[in-house]
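Undergrad: I am attaching a structure below and will ask some questions about it afterwards.
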Amino acid sequence: MDTSTVVPFNRRPAPSIDTERELARLRARVRELSAELVQAQEAACRHVARELHDGVGAEVTATRFALANVETWLPADAPPQCAAALAVANRSLDAVYDASRQAVADLHAPSLEAGIVGALAQWTGDFATRTQLRTSFVCAADVRLTRLPADAVLAVFRVAQEALNNIAKHARAEAADVRIEAGRRHLTLIVSDDGIGLTRNARTRRGHFGLSGMRARCAAFDGTLRLGSRRVATGKESRGTVVIARFAWDAMLAAAPAPERRVLQS
């Protein structure tokens, strides 16, 4: 038997050129669709922010004036319950105003002039002040971070923002940590907490708007999103959550404008 024609059973055939081209086409299509989804989400955020600012803000202001008028119209012998009810209404308006203002701030795209490092450093500081959670931000020193175009910066920022907001809403945590690692092929964003950990169905909630948006932002730059649990040593064993978002450098930097070339004149 001529063994020169025998192909080892455990050796997979190399993908054909047509197969590689089809895979590349499908990956490009995934990036395109993910980018379209992200653009739709940002447009929806801008619309909701305008409605909150113009609609809710105007209604809260009108209600404040109405309550102030009611207070001036109360007779001197009005029952004390009337003044107490007005105070409760005003406190409720204050809570609505503060919540809507924070929602508008979250929905608006941040200033990206300082790049991803500056944007995240400022937002995590504001987050710590607002939530009273111990929050840290650590970032790798990599020159590529300074060359990221605005849409890539926004993608990384939005994933971190959503992850932190989820911690504040659901984790019952005392601390949150944000870290950016710069590998050879990927930028990796890691957001972790020391809270109660993932619920039983958290990993499979693919229809959840926040998680789907985070996945789309990663996929738009050839990346992935993973959620996991971590154990935190705090005197007693507890469970925390970690979000790991990866973005491909090649995809993020592809849209960056070429640096200007200075022409020296003799």
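Quick note on naming: the chains in the structure tokens go A, B, ... in the order shown, residues restart at 1 in each chain, and ligands are numbered from 1 in order of appearance.
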So which residues touch Leu67 in chain A within 9 Å, counting only C-alpha atoms, skipping near sequence neighbours fewer than 6 positions away, as a PyMOL selection string?
TA: chain A and resi 86+89-90
Undergrad: Apply DSSP to the structure's backbone, then extract all residues of range 65-161 of chain A labelled alpha helix (DSSP H) and return them as a PyMOL selection string.
TA: chain A and resi 65-73+80-107+115-131+150-161
Undergrad: Would you pick out the contacts of range 116-131 of chain A at 9 Å or less, using only C-alpha atoms, so that residues sharing its chain but fewer than 2 positions from it are not included, and give the list as a PyMOL selection string?
TA: chain A and resi 110-114+133-139+145-146+148+150+152-154+156-157+160-161+164-165+168+176+178+180
Undergrad: Restricted to N, CA and C atoms, what would the selected residues look like written as a PDB file, in the first residue's frame?
TA:
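Everything below was put into again23.pdb:
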```
ATOM      1  N   PRO A 110     -20.865  61.784  25.903  1.00  0.00           N
ATOM      2  CA  PRO A 110     -19.941  62.600  26.682  1.00  0.00           C
ATOM      3  C   PRO A 110     -18.989  63.386  25.781  1.00  0.00           C
ATOM      4  N   SER A 111     -18.293  64.318  26.371  1.00  0.00           N
ATOM      5  CA  SER A 111     -17.238  65.007  25.645  1.00  0.00           C
ATOM      6  C   SER A 111     -16.080  64.040  25.424  1.00  0.00           C
ATOM      7  N   LEU A 112     -15.693  63.882  24.178  1.00  0.00           N
ATOM      8  CA  LEU A 112     -14.659  62.907  23.839  1.00  0.00           C
ATOM      9  C   LEU A 112     -13.333  63.573  23.493  1.00  0.00           C
ATOM     10  N   GLU A 113     -13.233  64.869  23.751  1.00  0.00           N
ATOM     11  CA  GLU A 113     -12.019  65.584  23.383  1.00  0.00           C
ATOM     12  C   GLU A 113     -10.803  65.047  24.131  1.00  0.00           C
ATOM     13  N   ALA A 114     -10.998  64.581  25.366  1.00  0.00           N
ATOM     14  CA  ALA A 114      -9.877  64.063  26.160  1.00  0.00           C
ATOM     15  C   ALA A 114      -9.615  62.587  25.901  1.00  0.00           C
ATOM     16  N   LEU A 133     -20.270  54.557  45.920  1.00  0.00           N
ATOM     17  CA  LEU A 133     -19.517  53.308  45.782  1.00  0.00           C
ATOM     18  C   LEU A 133     -18.030  53.634  45.630  1.00  0.00           C
ATOM     19  N   ARG A 134     -17.189  52.841  46.266  1.00  0.00           N
ATOM     20  CA  ARG A 134     -15.750  52.992  46.048  1.00  0.00           C
ATOM     21  C   ARG A 134     -15.456  52.554  44.617  1.00  0.00           C
ATOM     22  N   THR A 135     -14.990  53.484  43.829  1.00  0.00           N
ATOM     23  CA  THR A 135     -14.800  53.215  42.407  1.00  0.00           C
ATOM     24  C   THR A 135     -13.377  53.561  42.006  1.00  0.00           C
ATOM     25  N   SER A 136     -12.739  52.628  41.284  1.00  0.00           N
ATOM     26  CA  SER A 136     -11.373  52.863  40.812  1.00  0.00           C
ATOM     27  C   SER A 136     -11.332  52.734  39.299  1.00  0.00           C
ATOM     28  N   PHE A 137     -10.381  53.447  38.709  1.00  0.00           N
ATOM     29  CA  PHE A 137     -10.174  53.371  37.259  1.00  0.00           C
ATOM     30  C   PHE A 137      -8.680  53.249  37.000  1.00  0.00           C
ATOM     31  N   VAL A 138      -8.293  52.173  36.337  1.00  0.00           N
ATOM     32  CA  VAL A 138      -6.897  51.916  36.007  1.00  0.00           C
ATOM     33  C   VAL A 138      -6.809  51.691  34.499  1.00  0.00           C
ATOM     34  N   CYS A 139      -5.829  52.312  33.882  1.00  0.00           N
ATOM     35  CA  CYS A 139      -5.714  52.211  32.426  1.00  0.00           C
ATOM     36  C   CYS A 139      -4.271  51.939  32.027  1.00  0.00           C
ATOM     37  N   LEU A 145      -4.316  54.269  22.513  1.00  0.00           N
ATOM     38  CA  LEU A 145      -5.508  54.831  23.145  1.00  0.00           C
ATOM     39  C   LEU A 145      -5.720  56.285  22.742  1.00  0.00           C
ATOM     40  N   THR A 146      -4.648  57.000  22.468  1.00  0.00           N
ATOM     41  CA  THR A 146      -4.756  58.404  22.092  1.00  0.00           C
ATOM     42  C   THR A 146      -5.142  58.569  20.631  1.00  0.00           C
ATOM     43  N   LEU A 148      -7.540  56.637  19.066  1.00  0.00           N
ATOM     44  CA  LEU A 148      -8.851  56.069  18.783  1.00  0.00           C
ATOM     45  C   LEU A 148      -9.789  57.138  18.228  1.00  0.00           C
ATOM     46  N   ALA A 150     -13.524  58.889  17.361  1.00  0.00           N
ATOM     47  CA  ALA A 150     -14.618  59.189  18.291  1.00  0.00           C
ATOM     48  C   ALA A 150     -15.614  58.036  18.428  1.00  0.00           C
ATOM     49  N   ALA A 152     -15.091  54.842  18.181  1.00  0.00           N
ATOM     50  CA  ALA A 152     -14.496  53.779  18.992  1.00  0.00           C
ATOM     51  C   ALA A 152     -14.458  54.175  20.467  1.00  0.00           C
ATOM     52  N   VAL A 153     -14.097  55.423  20.726  1.00  0.00           N
ATOM     53  CA  VAL A 153     -14.096  55.917  22.107  1.00  0.00           C
ATOM     54  C   VAL A 153     -15.496  55.814  22.698  1.00  0.00           C
ATOM     55  N   LEU A 154     -16.501  56.203  21.917  1.00  0.00           N
ATOM     56  CA  LEU A 154     -17.883  56.162  22.403  1.00  0.00           C
ATOM     57  C   LEU A 154     -18.317  54.734  22.700  1.00  0.00           C
ATOM     58  N   VAL A 156     -16.439  52.115  23.682  1.00  0.00           N
ATOM     59  CA  VAL A 156     -15.833  51.667  24.939  1.00  0.00           C
ATOM     60  C   VAL A 156     -16.495  52.375  26.117  1.00  0.00           C
ATOM     61  N   PHE A 157     -16.725  53.674  25.981  1.00  0.00           N
ATOM     62  CA  PHE A 157     -17.344  54.440  27.064  1.00  0.00           C
ATOM     63  C   PHE A 157     -18.734  53.925  27.391  1.00  0.00           C
ATOM     64  N   ALA A 160     -18.700  50.636  29.338  1.00  0.00           N
ATOM     65  CA  ALA A 160     -18.327  50.871  30.735  1.00  0.00           C
ATOM     66  C   ALA A 160     -19.462  51.551  31.490  1.00  0.00           C
ATOM     67  N   GLN A 161     -20.102  52.523  30.862  1.00  0.00           N
ATOM     68  CA  GLN A 161     -21.203  53.242  31.495  1.00  0.00           C
ATOM     69  C   GLN A 161     -22.357  52.305  31.823  1.00  0.00           C
ATOM     70  N   LEU A 164     -21.394  49.946  34.732  1.00  0.00           N
ATOM     71  CA  LEU A 164     -21.418  50.619  36.025  1.00  0.00           C
ATOM     72  C   LEU A 164     -22.841  50.920  36.474  1.00  0.00           C
ATOM     73  N   ASN A 165     -23.690  51.352  35.554  1.00  0.00           N
ATOM     74  CA  ASN A 165     -25.083  51.611  35.923  1.00  0.00           C
ATOM     75  C   ASN A 165     -25.775  50.341  36.396  1.00  0.00           C
ATOM     76  N   ALA A 168     -24.787  49.768  39.970  1.00  0.00           N
ATOM     77  CA  ALA A 168     -25.502  50.644  40.890  1.00  0.00           C
ATOM     78  C   ALA A 168     -26.947  50.187  41.094  1.00  0.00           C
ATOM     79  N   ALA A 176     -16.656  49.168  42.933  1.00  0.00           N
ATOM     80  CA  ALA A 176     -16.632  48.846  41.506  1.00  0.00           C
ATOM     81  C   ALA A 176     -15.260  49.226  40.957  1.00  0.00           C
ATOM     82  N   VAL A 178     -12.884  49.582  37.343  1.00  0.00           N
ATOM     83  CA  VAL A 178     -12.846  49.679  35.884  1.00  0.00           C
ATOM     84  C   VAL A 178     -11.388  49.632  35.456  1.00  0.00           C
ATOM     85  N   ILE A 180      -8.718  49.124  31.906  1.00  0.00           N
ATOM     86  CA  ILE A 180      -8.477  48.967  30.472  1.00  0.00           C
ATOM     87  C   ILE A 180      -7.117  48.331  30.289  1.00  0.00           C
TER      88      ILE A 180
END
```
Undergrad: Take CA of Ala220 in chain A and CA of Pro149 in chain A and report the distance between them in Å, one decimal.
TA: 13.5 Å
Undergrad: For range 183-198 of chain A, find every residue with an atom within 6 Å (counting only C-alpha atoms), except residues of its own chain fewer than 2 positions away, and show them as a PyMOL selection string.
TA: chain A and resi 171-173+175-181+202+229+239-249
Undergrad: CA of Lys169 in chain A and CA of Ala155 in chain A, how far apart in Å?
TA: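 So the two atoms, CA of Ala155 in chain A and CA of Lys169 in chain A, lie 21.2 Å apart.
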Undergrad: Which residues in range 97-255 of chain A does DSSP call strand (DSSP E)? List them as a PyMOL selection string.
TA: chain A and resi 134-139+175-182+186-193+224-233+237-248
